[in-house]
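Comments concern the structure below.
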Amino acid sequence: MANTRCRCRARPVTFLCHRLLHFLSTRRLRRRRLRLTTTTATGHEAESPAKSAAAEQRDAAGDDAAVAGKYWAQRHSLFALYDRGVQMDAEGWYSATPEAIAAAQAARAPRGSLVLDAFAGVGGNSIQFAARGCRVVAVEIDPRKVELAAHNARIYGVEDRIEFVVGDFFRLAPSLKADSVFLSPPWGGPSYRQAQVYSLDMLKPKDGFKIFQAAQKISPNIIMFLPRNVDISQVEQLSWLSSPPLDFVKVIVNLSICNNNIGIPAVVLQSEESYVEHRLKGITAYFGGMAQEVQKQEQNCF
């Protein structure tokens with residue numbers, strides 16, 4: 001009888017243990033099913049809209065910080081007044097024209113003229129044209145970049161000379177007019193350096209020929225900033241798009257002489273190699289009246 005009682009007492013304990021294990025395993029299964037039902041088709045768990053927006057902001061801030069760290073040593077070459085509060089996004093760190101080059105390009109434009117900056121970015125070139133005494137229409141499709149550019153223009157004290165426009169340059173071009181057009185379209189990121197010869201087809205958001213033709217609808221006086229490894233023969237082909245075709249002369253420029261610019265006179269199209277601290281940064285091509293202005297300025301250097 002004693003043995004029977006022990007066995008009888010043991011049954012409820014075993015039964016309760018099985019029930020407890022069943023409850024815990026069922027709870028884990030329900031949690032797993034809940035996670036599966038809230039997982040998106042891409043394999044990531046779904047988040048509320050508010051959380052997604054916050055996550056995107058954190059990711060953007062993380063990207064900006066990572067790129068800024070890589071290019072931090074160049075901050076004063078991009079913006080001399082960086083320490084006064086200049087702001088940039090990730091793309092701005094590697095796409096903004098170095099200030100010395102932007103100032104040299106702006107020096108080609110007559111004071112008081114109207115310049116259209118077709119791909120304004122974070123405002124480096126627009127600021128230098130305005131500092132030159134030009135009136136500037138800065139077109140940029142990214143609203144965030146426009147906010148940054150306007151902020152940077154205020155730091156340089158030239159915001160009253162720049163009109164910022166959020167829009168697609170190609171849609172706006174037929175209705176725009178200016179004395180000259182500045183083109184510094186995206187080069188496709190830092191990877192452009194890997195190309196032995198950079199083709200104009202690699203420019204963004206459209207190839208260089210389409211970009212140039214869109215600018216011609218606004219003015220024949222065009223400044224175009226291109227990668228240092230650009231195919232010069234294609235730049236020459238751009239001159240053929242004009243009517244009548246333009247002549248082409250390649251110019252080597254040393255930024256340490258004659259107000260940071262010196263070159264060989266050309267007739268109606270010039271290109272110059274721009275160096276910062278003895279490093280070739282890019283090639284600037286001048287078309288139409290801008291090339292004639294370059295010729296006039298360089299003759300005055302001697």
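In the structure tokens, each chain is lettered A, B, ... as it comes, each chain's residues begin at 1, and ligands are numbered from 1 in order of appearance.
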If DSSP is run on the backbone, what residues of region 114-270 of chain A are alpha helix (DSSP H)? A reply as an MDAnalysis selection string would be ideal. chainID A and resid 124:132 143:156 169:172 208:216 232:240
How would the residues just picked look written out with C-alpha atoms as a PDB file, in the first residue's frame?
```pdb
ATOM      1  CA  GLY A 124      30.001  75.479 -53.246  1.00  0.00           C
ATOM      2  CA  ASN A 125      30.008  76.837 -56.810  1.00  0.00           C
ATOM      3  CA  SER A 126      26.906  78.994 -56.386  1.00  0.00           C
ATOM      4  CA  ILE A 127      28.515  80.659 -53.369  1.00  0.00           C
ATOM      5  CA  GLN A 128      31.676  81.507 -55.306  1.00  0.00           C
ATOM      6  CA  PHE A 129      29.755  82.938 -58.277  1.00  0.00           C
ATOM      7  CA  ALA A 130      27.766  85.079 -55.845  1.00  0.00           C
ATOM      8  CA  ALA A 131      30.948  86.160 -54.080  1.00  0.00           C
ATOM      9  CA  ARG A 132      32.262  87.189 -57.493  1.00  0.00           C
ATOM     10  CA  PRO A 143      15.385  69.364 -51.292  1.00  0.00           C
ATOM     11  CA  ARG A 144      17.783  68.400 -48.502  1.00  0.00           C
ATOM     12  CA  LYS A 145      20.767  69.648 -50.502  1.00  0.00           C
ATOM     13  CA  VAL A 146      18.945  72.910 -51.198  1.00  0.00           C
ATOM     14  CA  GLU A 147      18.497  73.434 -47.460  1.00  0.00           C
ATOM     15  CA  LEU A 148      22.196  72.789 -46.884  1.00  0.00           C
ATOM     16  CA  ALA A 149      23.214  75.070 -49.763  1.00  0.00           C
ATOM     17  CA  ALA A 150      21.027  77.916 -48.491  1.00  0.00           C
ATOM     18  CA  HIS A 151      22.476  77.484 -45.005  1.00  0.00           C
ATOM     19  CA  ASN A 152      26.041  77.589 -46.367  1.00  0.00           C
ATOM     20  CA  ALA A 153      25.255  80.670 -48.471  1.00  0.00           C
ATOM     21  CA  ARG A 154      24.160  82.466 -45.302  1.00  0.00           C
ATOM     22  CA  ILE A 155      27.486  81.635 -43.663  1.00  0.00           C
ATOM     23  CA  TYR A 156      29.296  83.241 -46.611  1.00  0.00           C
ATOM     24  CA  PHE A 169      17.221  70.778 -64.488  1.00  0.00           C
ATOM     25  CA  PHE A 170      16.121  68.933 -67.634  1.00  0.00           C
ATOM     26  CA  ARG A 171      12.472  69.828 -67.080  1.00  0.00           C
ATOM     27  CA  LEU A 172      13.273  73.443 -66.257  1.00  0.00           C
ATOM     28  CA  GLY A 208      27.321  64.535 -70.987  1.00  0.00           C
ATOM     29  CA  PHE A 209      26.019  65.179 -74.497  1.00  0.00           C
ATOM     30  CA  LYS A 210      22.400  65.435 -73.324  1.00  0.00           C
ATOM     31  CA  ILE A 211      23.433  67.613 -70.384  1.00  0.00           C
ATOM     32  CA  PHE A 212      25.351  69.958 -72.690  1.00  0.00           C
ATOM     33  CA  GLN A 213      22.473  70.170 -75.178  1.00  0.00           C
ATOM     34  CA  ALA A 214      20.050  71.042 -72.368  1.00  0.00           C
ATOM     35  CA  ALA A 215      22.404  73.838 -71.261  1.00  0.00           C
ATOM     36  CA  GLN A 216      22.629  75.196 -74.817  1.00  0.00           C
ATOM     37  CA  ILE A 232      39.279  64.925 -74.017  1.00  0.00           C
ATOM     38  CA  SER A 233      38.226  63.846 -77.514  1.00  0.00           C
ATOM     39  CA  GLN A 234      34.632  63.675 -76.260  1.00  0.00           C
ATOM     40  CA  VAL A 235      34.921  67.152 -74.780  1.00  0.00           C
ATOM     41  CA  GLU A 236      36.016  68.267 -78.234  1.00  0.00           C
ATOM     42  CA  GLN A 237      32.914  66.605 -79.677  1.00  0.00           C
ATOM     43  CA  LEU A 238      30.776  68.795 -77.406  1.00  0.00           C
ATOM     44  CA  SER A 239      32.094  71.812 -79.282  1.00  0.00           C
ATOM     45  CA  TRP A 240      30.753  70.333 -82.510  1.00  0.00           C
TER      46      TRP A 240
END
```
I need the residues of region 49-199 of chain A that end up classed as strand (DSSP E) by DSSP on the backbone, written out as an MDAnalysis selection string. chainID A and resid 114:117 135:140 162:166 180:183
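One finds CA of Lys70 (chain A) at 26.2 Å from CA of Gln105 (chain A).
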Distance query region 180-185 of chain A at most 7 Å, only C-alpha atoms, self and fewer than 2 positions along chain excluded, as an MDAnalysis selection string: chainID A and resid 114:119 178 187 203:204 215 219 221:226
Find the spatial neighbours of Asp231 (chain A), counting only C-alpha atoms, within a cut-off of 6 Å - ignore same-chain residues fewer than 3 positions away - and output them as an mmCIF file with N, CA, C and O atoms, in the first residue's frame.
```cif
data_model
loop_
_atom_site.group_PDB
_atom_site.id
_atom_site.type_symbol
_atom_site.label_atom_id
_atom_site.label_comp_id
_atom_site.auth_asym_id
_atom_site.auth_seq_id
_atom_site.Cartn_x
_atom_site.Cartn_y
_atom_site.Cartn_z
ATOM 1 N N VAL A 197 39.929 55.781 -68.603
ATOM 2 C CA VAL A 197 39.443 56.941 -69.345
ATOM 3 C C VAL A 197 37.966 57.109 -69.007
ATOM 4 O O VAL A 197 37.174 56.185 -69.191
ATOM 5 N N TYR A 198 37.615 58.286 -68.503
ATOM 6 C CA TYR A 198 36.234 58.546 -68.101
ATOM 7 C C TYR A 198 35.433 59.011 -69.312
ATOM 8 O O TYR A 198 35.765 60.010 -69.958
ATOM 9 N N SER A 199 34.362 58.287 -69.618
ATOM 10 C CA SER A 199 33.505 58.636 -70.740
ATOM 11 C C SER A 199 32.396 59.575 -70.286
ATOM 12 O O SER A 199 31.894 59.466 -69.154
ATOM 13 N N GLN A 234 36.077 63.495 -76.403
ATOM 14 C CA GLN A 234 34.632 63.675 -76.260
ATOM 15 C C GLN A 234 34.284 65.104 -75.884
ATOM 16 O O GLN A 234 33.256 65.628 -76.311
#
```
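The coordinates place CA of Tyr286 (chain A) at 26.4 Å from CA of His76 (chain A).
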From the set A:Gln295, A:Ser113, A:Ser77, A:Ser95, which residue has the shortest atom-to-atom contact distance to Pro190 (chain A), counting only C-alpha atoms?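 Among A:Gln295, A:Ser113, A:Ser77, A:Ser95, it is A:Ser95 that comes nearest to Pro190 (chain A).
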Please report the interatomic distance between CA of Val158 (chain A) and CA of Gly69 (chain A) in Å with one decimal.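 Computed distance, CA of Val158 (chain A) to CA of Gly69 (chain A), equals 28.1 Å.
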